[in-house]
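See below for query_39.cif, which holds mmCIF, N, CA and C atoms and all ligand atoms.
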```cif
data_upload
loop_
_atom_site.label_atom_id
_atom_site.label_comp_id
_atom_site.auth_asym_id
_atom_site.auth_seq_id
_atom_site.Cartn_x
_atom_site.Cartn_y
_atom_site.Cartn_z
N MET C 205 -27.79 16.88 43.72
CA MET C 205 -26.45 16.79 43.18
C MET C 205 -26.50 16.05 41.85
N LEU C 206 -25.70 16.56 40.89
CA LEU C 206 -25.68 15.96 39.56
C LEU C 206 -24.87 14.67 39.56
N SER C 207 -25.32 13.76 38.74
CA SER C 207 -24.51 12.55 38.53
C SER C 207 -23.36 12.90 37.59
N VAL C 208 -22.40 12.02 37.51
CA VAL C 208 -21.27 12.25 36.60
C VAL C 208 -21.77 12.40 35.17
N LYS C 209 -22.72 11.56 34.79
CA LYS C 209 -23.26 11.60 33.43
C LYS C 209 -23.98 12.92 33.16
N GLU C 210 -24.79 13.39 34.11
CA GLU C 210 -25.49 14.67 33.95
C GLU C 210 -24.50 15.82 33.89
N ASN C 211 -23.48 15.76 34.75
CA ASN C 211 -22.47 16.80 34.77
C ASN C 211 -21.75 16.88 33.42
N GLU C 212 -21.39 15.75 32.86
CA GLU C 212 -20.72 15.75 31.56
C GLU C 212 -21.65 16.26 30.47
N LEU C 213 -22.91 15.92 30.54
CA LEU C 213 -23.87 16.39 29.55
C LEU C 213 -23.97 17.91 29.55
N LEU C 214 -23.87 18.52 30.73
CA LEU C 214 -24.03 19.97 30.87
C LEU C 214 -22.73 20.76 30.74
N THR C 215 -21.60 20.08 30.74
CA THR C 215 -20.33 20.82 30.73
C THR C 215 -19.45 20.52 29.52
N LYS C 216 -19.62 19.42 28.87
CA LYS C 216 -18.77 19.10 27.71
C LYS C 216 -19.31 19.84 26.49
N VAL C 217 -18.43 20.63 25.84
CA VAL C 217 -18.87 21.45 24.72
C VAL C 217 -18.07 21.18 23.44
N GLY C 218 -17.31 20.11 23.42
CA GLY C 218 -16.53 19.78 22.23
C GLY C 218 -17.42 19.37 21.07
N PRO C 219 -16.84 19.23 19.88
CA PRO C 219 -17.61 18.80 18.71
C PRO C 219 -18.28 17.45 18.96
N GLY C 220 -19.52 17.33 18.57
CA GLY C 220 -20.24 16.08 18.70
C GLY C 220 -20.93 15.87 20.03
N THR C 221 -20.72 16.78 20.99
CA THR C 221 -21.42 16.66 22.27
C THR C 221 -22.76 17.40 22.17
N PRO C 222 -23.77 16.99 22.94
CA PRO C 222 -25.08 17.66 22.84
C PRO C 222 -25.01 19.17 23.12
N LEU C 223 -24.32 19.56 24.20
CA LEU C 223 -24.24 20.99 24.51
C LEU C 223 -23.38 21.73 23.49
N GLY C 224 -22.31 21.09 23.02
CA GLY C 224 -21.47 21.70 22.00
C GLY C 224 -22.25 21.96 20.72
N GLU C 225 -23.07 20.99 20.32
CA GLU C 225 -23.88 21.19 19.11
C GLU C 225 -24.89 22.31 19.31
N LEU C 226 -25.46 22.42 20.50
CA LEU C 226 -26.41 23.51 20.78
C LEU C 226 -25.71 24.86 20.73
N MET C 227 -24.56 24.96 21.40
CA MET C 227 -23.85 26.25 21.47
C MET C 227 -23.34 26.70 20.11
N ARG C 228 -23.04 25.76 19.22
CA ARG C 228 -22.56 26.12 17.89
C ARG C 228 -23.66 26.69 17.01
N ARG C 229 -24.87 26.68 17.46
CA ARG C 229 -25.98 27.27 16.70
C ARG C 229 -26.12 28.76 16.98
N TYR C 230 -25.34 29.29 17.91
CA TYR C 230 -25.45 30.69 18.30
C TYR C 230 -24.11 31.39 18.12
N TRP C 231 -24.18 32.70 17.87
CA TRP C 231 -22.98 33.50 17.76
C TRP C 231 -22.26 33.49 19.09
N GLN C 232 -20.93 33.40 19.02
CA GLN C 232 -20.11 33.45 20.22
C GLN C 232 -19.08 34.57 20.08
N PRO C 233 -19.03 35.53 20.98
CA PRO C 233 -17.98 36.56 20.90
C PRO C 233 -16.64 35.93 21.26
N VAL C 234 -15.64 36.12 20.40
CA VAL C 234 -14.35 35.48 20.64
C VAL C 234 -13.19 36.46 20.75
N THR C 235 -13.33 37.64 20.16
CA THR C 235 -12.28 38.64 20.26
C THR C 235 -12.81 39.98 19.77
N ALA C 236 -12.07 41.02 20.03
CA ALA C 236 -12.41 42.33 19.46
C ALA C 236 -11.74 42.41 18.09
N THR C 237 -12.46 42.91 17.09
CA THR C 237 -11.90 42.95 15.73
C THR C 237 -10.64 43.81 15.67
N ALA C 238 -10.54 44.80 16.55
CA ALA C 238 -9.35 45.67 16.55
C ALA C 238 -8.08 44.89 16.86
N GLU C 239 -8.22 43.73 17.49
CA GLU C 239 -7.03 42.93 17.80
C GLU C 239 -6.37 42.39 16.54
N LEU C 240 -7.11 42.36 15.42
CA LEU C 240 -6.54 41.85 14.18
C LEU C 240 -6.00 42.97 13.29
N ASP C 241 -6.04 44.21 13.76
CA ASP C 241 -5.55 45.32 12.95
C ASP C 241 -4.03 45.31 12.84
N ASP C 242 -3.33 45.05 13.92
CA ASP C 242 -1.87 45.06 13.89
C ASP C 242 -1.29 43.75 13.40
N TYR C 243 -1.88 42.65 13.79
CA TYR C 243 -1.42 41.33 13.35
C TYR C 243 -2.65 40.54 12.94
N PRO C 244 -2.75 40.12 11.69
CA PRO C 244 -4.01 39.62 11.13
C PRO C 244 -4.41 38.20 11.48
N THR C 245 -3.67 37.50 12.32
CA THR C 245 -4.11 36.17 12.74
C THR C 245 -4.07 36.09 14.25
N LYS C 246 -4.94 35.24 14.78
CA LYS C 246 -4.97 35.05 16.23
C LYS C 246 -5.39 33.62 16.53
N GLU C 247 -4.61 32.95 17.36
CA GLU C 247 -4.97 31.59 17.79
C GLU C 247 -6.04 31.66 18.87
N LEU C 248 -7.02 30.79 18.76
CA LEU C 248 -8.11 30.74 19.73
C LEU C 248 -8.38 29.30 20.13
N ARG C 249 -8.84 29.11 21.36
CA ARG C 249 -9.37 27.81 21.77
C ARG C 249 -10.80 28.07 22.21
N ILE C 250 -11.73 27.57 21.41
CA ILE C 250 -13.15 27.81 21.66
C ILE C 250 -13.87 26.47 21.70
N MET C 251 -14.57 26.23 22.77
CA MET C 251 -15.36 25.01 22.93
C MET C 251 -14.53 23.77 22.57
N GLY C 252 -13.33 23.73 23.08
CA GLY C 252 -12.48 22.57 22.90
C GLY C 252 -11.82 22.44 21.53
N GLU C 253 -11.97 23.45 20.68
CA GLU C 253 -11.37 23.38 19.35
C GLU C 253 -10.25 24.40 19.22
N GLU C 254 -9.15 23.97 18.63
CA GLU C 254 -8.02 24.86 18.35
C GLU C 254 -8.28 25.49 16.98
N LEU C 255 -8.39 26.83 16.97
CA LEU C 255 -8.76 27.54 15.74
C LEU C 255 -7.83 28.72 15.51
N VAL C 256 -7.89 29.25 14.30
CA VAL C 256 -7.19 30.50 13.97
C VAL C 256 -8.20 31.45 13.35
N LEU C 257 -8.28 32.62 13.94
CA LEU C 257 -9.10 33.70 13.39
C LEU C 257 -8.19 34.56 12.54
N PHE C 258 -8.65 34.96 11.35
CA PHE C 258 -7.80 35.79 10.51
C PHE C 258 -8.62 36.84 9.79
N LYS C 259 -7.89 37.85 9.32
CA LYS C 259 -8.49 38.93 8.53
C LYS C 259 -7.71 38.98 7.22
N ASP C 260 -8.41 38.78 6.09
CA ASP C 260 -7.69 38.81 4.82
C ASP C 260 -7.49 40.26 4.36
N ARG C 261 -6.84 40.43 3.24
CA ARG C 261 -6.49 41.78 2.79
C ARG C 261 -7.68 42.58 2.28
N LYS C 262 -8.80 41.91 2.05
CA LYS C 262 -10.03 42.62 1.70
C LYS C 262 -10.79 43.05 2.95
N GLY C 263 -10.32 42.61 4.12
CA GLY C 263 -10.99 42.95 5.37
C GLY C 263 -12.04 41.96 5.81
N HIS C 264 -12.11 40.81 5.12
CA HIS C 264 -13.05 39.76 5.51
C HIS C 264 -12.44 38.91 6.62
N TYR C 265 -13.28 38.44 7.52
CA TYR C 265 -12.82 37.62 8.63
C TYR C 265 -13.10 36.15 8.36
N GLY C 266 -12.19 35.30 8.82
CA GLY C 266 -12.36 33.87 8.67
C GLY C 266 -11.95 33.17 9.95
N LEU C 267 -12.53 32.02 10.19
CA LEU C 267 -12.20 31.20 11.36
C LEU C 267 -12.01 29.77 10.86
N ILE C 268 -10.79 29.27 11.02
CA ILE C 268 -10.46 27.95 10.47
C ILE C 268 -9.73 27.12 11.51
N GLU C 269 -9.58 25.83 11.22
CA GLU C 269 -8.80 24.96 12.10
C GLU C 269 -7.38 25.50 12.24
N LYS C 270 -6.79 25.30 13.40
CA LYS C 270 -5.46 25.85 13.67
C LYS C 270 -4.40 25.26 12.74
N PHE C 271 -4.52 23.98 12.43
CA PHE C 271 -3.47 23.32 11.67
C PHE C 271 -3.93 23.04 10.24
N CYS C 272 -3.04 23.34 9.32
CA CYS C 272 -3.30 23.13 7.90
C CYS C 272 -3.68 21.66 7.65
N SER C 273 -4.68 21.45 6.82
CA SER C 273 -5.13 20.09 6.54
C SER C 273 -4.15 19.31 5.66
N HIS C 274 -3.13 19.96 5.11
CA HIS C 274 -2.15 19.27 4.29
C HIS C 274 -1.06 18.62 5.15
N ARG C 275 -0.26 19.43 5.85
CA ARG C 275 0.84 18.88 6.65
C ARG C 275 0.88 19.43 8.07
N ARG C 276 -0.25 19.93 8.51
CA ARG C 276 -0.42 20.32 9.92
C ARG C 276 0.44 21.51 10.38
N VAL C 277 0.73 22.42 9.48
CA VAL C 277 1.44 23.64 9.87
C VAL C 277 0.46 24.56 10.60
N ASN C 278 0.96 25.26 11.60
CA ASN C 278 0.14 26.20 12.36
C ASN C 278 -0.23 27.38 11.47
N LEU C 279 -1.52 27.55 11.21
CA LEU C 279 -1.97 28.61 10.31
C LEU C 279 -1.98 29.98 10.96
N ALA C 280 -1.62 30.07 12.22
CA ALA C 280 -1.44 31.40 12.82
C ALA C 280 -0.27 32.11 12.15
N TYR C 281 0.59 31.33 11.48
CA TYR C 281 1.71 31.91 10.74
C TYR C 281 1.37 32.05 9.26
N GLY C 282 0.09 31.93 8.93
CA GLY C 282 -0.35 32.06 7.55
C GLY C 282 -0.18 33.48 7.03
N ILE C 283 -0.25 33.58 5.70
CA ILE C 283 -0.04 34.86 5.03
C ILE C 283 -1.37 35.37 4.49
N PRO C 284 -1.87 36.49 5.02
CA PRO C 284 -3.13 37.04 4.53
C PRO C 284 -2.99 37.54 3.09
N GLU C 285 -3.95 37.15 2.26
CA GLU C 285 -3.98 37.63 0.88
C GLU C 285 -5.38 38.13 0.58
N GLU C 286 -5.61 38.58 -0.65
CA GLU C 286 -6.91 39.13 -1.05
C GLU C 286 -8.03 38.11 -0.86
N GLU C 287 -7.76 36.84 -1.17
CA GLU C 287 -8.81 35.82 -1.16
C GLU C 287 -8.82 34.95 0.08
N GLY C 288 -7.99 35.24 1.07
CA GLY C 288 -8.00 34.42 2.27
C GLY C 288 -6.64 34.35 2.94
N LEU C 289 -6.38 33.22 3.58
CA LEU C 289 -5.13 33.02 4.31
C LEU C 289 -4.34 31.91 3.63
N ARG C 290 -3.10 32.21 3.26
CA ARG C 290 -2.26 31.24 2.58
C ARG C 290 -1.35 30.54 3.58
N CYS C 291 -1.31 29.20 3.50
CA CYS C 291 -0.42 28.43 4.37
C CYS C 291 1.03 28.77 4.00
N PRO C 292 1.86 29.03 5.01
CA PRO C 292 3.23 29.46 4.71
C PRO C 292 4.14 28.33 4.21
N TYR C 293 3.69 27.09 4.30
CA TYR C 293 4.59 25.99 3.95
C TYR C 293 4.48 25.60 2.48
N HIS C 294 3.32 25.14 2.03
CA HIS C 294 3.16 24.75 0.63
C HIS C 294 2.20 25.66 -0.13
N GLY C 295 1.60 26.60 0.55
CA GLY C 295 0.82 27.60 -0.15
C GLY C 295 -0.65 27.34 -0.35
N TRP C 296 -1.21 26.34 0.30
CA TRP C 296 -2.66 26.14 0.17
C TRP C 296 -3.37 27.39 0.69
N MET C 297 -4.49 27.70 0.01
CA MET C 297 -5.25 28.91 0.37
C MET C 297 -6.53 28.50 1.10
N PHE C 298 -6.83 29.21 2.18
CA PHE C 298 -8.06 29.00 2.94
C PHE C 298 -8.85 30.30 2.89
N ASN C 299 -10.04 30.25 2.29
CA ASN C 299 -10.80 31.48 2.17
C ASN C 299 -11.81 31.62 3.31
N THR C 300 -12.60 32.67 3.25
CA THR C 300 -13.55 32.95 4.33
C THR C 300 -14.93 32.37 4.03
N GLU C 301 -15.08 31.68 2.91
CA GLU C 301 -16.40 31.21 2.49
C GLU C 301 -16.73 29.80 2.96
N SER C 302 -15.77 28.94 3.12
CA SER C 302 -16.11 27.55 3.44
C SER C 302 -15.53 27.12 4.76
S1 LIG B 401 1.31 22.33 5.11
FE1 LIG B 401 -0.12 23.80 4.50
S2 LIG B 401 -0.10 23.64 2.36
FE2 LIG B 401 1.24 22.12 3.01
#
```
Show me this structure written as structure tokens.
Amino acid sequence: MLSVKENELLTKVGPGTPLGELMRRYWQPVTATAELDDYPTKELRIMGEELVLFKDRKGHYGLIEKFCSHRRVNLAYGIPEEEGLRCPYHGWMFNTES
């Protein structure tokens, strides 16, 4: 039987945890791309992180934190543009490169 410490080591996958850091080194399937054809953003919870997957108008995919780093607006309501996803509140742009 696993100890509490061993169990946490093998089951915690959030940022900064040993297993979380290992799993982030590998591709993880999170959705079918066709799901972004009708509506270009999708909220996801992956390995303890709240994220938004989006498809910009050039067809590039991006995965970013759910809440805008400026004033914490939910970026699932972001506006897809040629260069990325624009925050609907003050207009900060989040591209697919960083
Ligand atoms: S809240 Fe997103 S740009 Fe201000």
Centre, edges in Å (one decimal): axis-aligned box, region 248-267 of chain C, 3 Å padding on all six sides, as AutoDock Vina command-line options:
```
--center_x -10.9 --center_y 32.7 --center_z 12.4 --size_x 14.9 --size_y 26.6 --size_z 27.4
```
Next item on the list: All residues within 5 Å of ligand LIG 401 (chain B) are required, counting all atoms listed in the file; please report them as a VMD selection string.
Entry: chain C and resid 272 274 to 277 291 293 to 296
Check: Restricting the calculation to all atoms listed in the file, which member of C:Thr215, C:Gln232, C:Thr221, C:Asn299 is positioned closest to Leu267 (chain C)?
Finding: C:Asn299
Item checked: Those in chain C with strand (DSSP E) from DSSP, as a PyMOL selection string -> chain C and resi 245-250+253-259+265-269+283-285+288-290+297-298
Margin query: Just want the 5 Å neighbourhood of region 243-260 of chain C, counted on all atoms listed in the file, with same-chain residues fewer than 3 positions away dropped. Output as a PyMOL selection string.
Written below: chain C and resi 217-218+240+263-270+284-285+288
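Of the listed residues C:Ala238, C:Val208, C:Leu279, C:Leu213, the one whose atoms come nearest to Leu226 (chain C) is C:Leu213, with distances taken using only C-alpha atoms.
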Determine which residues of chain C receive a DSSP assignment of helix (DSSP H, G or I), computed from the backbone, and state them as a PDB file with N, CA and C atoms, in the coordinates of the input.
```
ATOM      1  N   VAL C 208     -22.400  12.020  37.510  1.00  0.00           N
ATOM      2  CA  VAL C 208     -21.270  12.250  36.600  1.00  0.00           C
ATOM      3  C   VAL C 208     -21.770  12.400  35.170  1.00  0.00           C
ATOM      4  N   LYS C 209     -22.720  11.560  34.790  1.00  0.00           N
ATOM      5  CA  LYS C 209     -23.260  11.600  33.430  1.00  0.00           C
ATOM      6  C   LYS C 209     -23.980  12.920  33.160  1.00  0.00           C
ATOM      7  N   GLU C 210     -24.790  13.390  34.110  1.00  0.00           N
ATOM      8  CA  GLU C 210     -25.490  14.670  33.950  1.00  0.00           C
ATOM      9  C   GLU C 210     -24.500  15.820  33.890  1.00  0.00           C
ATOM     10  N   ASN C 211     -23.480  15.760  34.750  1.00  0.00           N
ATOM     11  CA  ASN C 211     -22.470  16.800  34.770  1.00  0.00           C
ATOM     12  C   ASN C 211     -21.750  16.880  33.420  1.00  0.00           C
ATOM     13  N   GLU C 212     -21.390  15.750  32.860  1.00  0.00           N
ATOM     14  CA  GLU C 212     -20.720  15.750  31.560  1.00  0.00           C
ATOM     15  C   GLU C 212     -21.650  16.260  30.470  1.00  0.00           C
ATOM     16  N   LEU C 213     -22.910  15.920  30.540  1.00  0.00           N
ATOM     17  CA  LEU C 213     -23.870  16.390  29.550  1.00  0.00           C
ATOM     18  C   LEU C 213     -23.970  17.910  29.550  1.00  0.00           C
ATOM     19  N   LEU C 214     -23.870  18.520  30.730  1.00  0.00           N
ATOM     20  CA  LEU C 214     -24.030  19.970  30.870  1.00  0.00           C
ATOM     21  C   LEU C 214     -22.730  20.760  30.740  1.00  0.00           C
ATOM     22  N   THR C 215     -21.600  20.080  30.740  1.00  0.00           N
ATOM     23  CA  THR C 215     -20.330  20.820  30.730  1.00  0.00           C
ATOM     24  C   THR C 215     -19.450  20.520  29.520  1.00  0.00           C
ATOM     25  N   PRO C 222     -23.770  16.990  22.940  1.00  0.00           N
ATOM     26  CA  PRO C 222     -25.080  17.660  22.840  1.00  0.00           C
ATOM     27  C   PRO C 222     -25.010  19.170  23.120  1.00  0.00           C
ATOM     28  N   LEU C 223     -24.320  19.560  24.200  1.00  0.00           N
ATOM     29  CA  LEU C 223     -24.240  20.990  24.510  1.00  0.00           C
ATOM     30  C   LEU C 223     -23.380  21.730  23.490  1.00  0.00           C
ATOM     31  N   GLY C 224     -22.310  21.090  23.020  1.00  0.00           N
ATOM     32  CA  GLY C 224     -21.470  21.700  22.000  1.00  0.00           C
ATOM     33  C   GLY C 224     -22.250  21.960  20.720  1.00  0.00           C
ATOM     34  N   GLU C 225     -23.070  20.990  20.320  1.00  0.00           N
ATOM     35  CA  GLU C 225     -23.880  21.190  19.110  1.00  0.00           C
ATOM     36  C   GLU C 225     -24.890  22.310  19.310  1.00  0.00           C
ATOM     37  N   LEU C 226     -25.460  22.420  20.500  1.00  0.00           N
ATOM     38  CA  LEU C 226     -26.410  23.510  20.780  1.00  0.00           C
ATOM     39  C   LEU C 226     -25.710  24.860  20.730  1.00  0.00           C
ATOM     40  N   MET C 227     -24.560  24.960  21.400  1.00  0.00           N
ATOM     41  CA  MET C 227     -23.850  26.250  21.470  1.00  0.00           C
ATOM     42  C   MET C 227     -23.340  26.700  20.110  1.00  0.00           C
ATOM     43  N   GLU C 239      -8.220  43.730  17.490  1.00  0.00           N
ATOM     44  CA  GLU C 239      -7.030  42.930  17.800  1.00  0.00           C
ATOM     45  C   GLU C 239      -6.370  42.390  16.540  1.00  0.00           C
ATOM     46  N   LEU C 240      -7.110  42.360  15.420  1.00  0.00           N
ATOM     47  CA  LEU C 240      -6.540  41.850  14.180  1.00  0.00           C
ATOM     48  C   LEU C 240      -6.000  42.970  13.290  1.00  0.00           C
ATOM     49  N   ASP C 241      -6.040  44.210  13.760  1.00  0.00           N
ATOM     50  CA  ASP C 241      -5.550  45.320  12.950  1.00  0.00           C
ATOM     51  C   ASP C 241      -4.030  45.310  12.840  1.00  0.00           C
ATOM     52  N   ASP C 242      -3.330  45.050  13.920  1.00  0.00           N
ATOM     53  CA  ASP C 242      -1.870  45.060  13.890  1.00  0.00           C
ATOM     54  C   ASP C 242      -1.290  43.750  13.400  1.00  0.00           C
ATOM     55  N   LEU C 279      -1.520  27.550  11.210  1.00  0.00           N
ATOM     56  CA  LEU C 279      -1.970  28.610  10.310  1.00  0.00           C
ATOM     57  C   LEU C 279      -1.980  29.980  10.960  1.00  0.00           C
ATOM     58  N   ALA C 280      -1.620  30.070  12.220  1.00  0.00           N
ATOM     59  CA  ALA C 280      -1.440  31.400  12.820  1.00  0.00           C
ATOM     60  C   ALA C 280      -0.270  32.110  12.150  1.00  0.00           C
ATOM     61  N   TYR C 281       0.590  31.330  11.480  1.00  0.00           N
ATOM     62  CA  TYR C 281       1.710  31.910  10.740  1.00  0.00           C
ATOM     63  C   TYR C 281       1.370  32.050   9.260  1.00  0.00           C
TER      64      TYR C 281
END
```
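CA of Val234 (chain C) sits 22.1 Å away from CA of Arg290 (chain C).
Pairwise distance (atom N of Thr235 (chain C), CA of Thr300 (chain C)) equals 16.5 Å.
Interatomic distance, atom N of Pro292 (chain C) against CA of Ala280 (chain C): 8.8 Å.
Among the candidates C:Glu210, C:Glu301, C:Glu286, C:Asp242, the residue lying nearest to Arg261 (chain C) is C:Glu286 (atoms considered: only C-alpha atoms).
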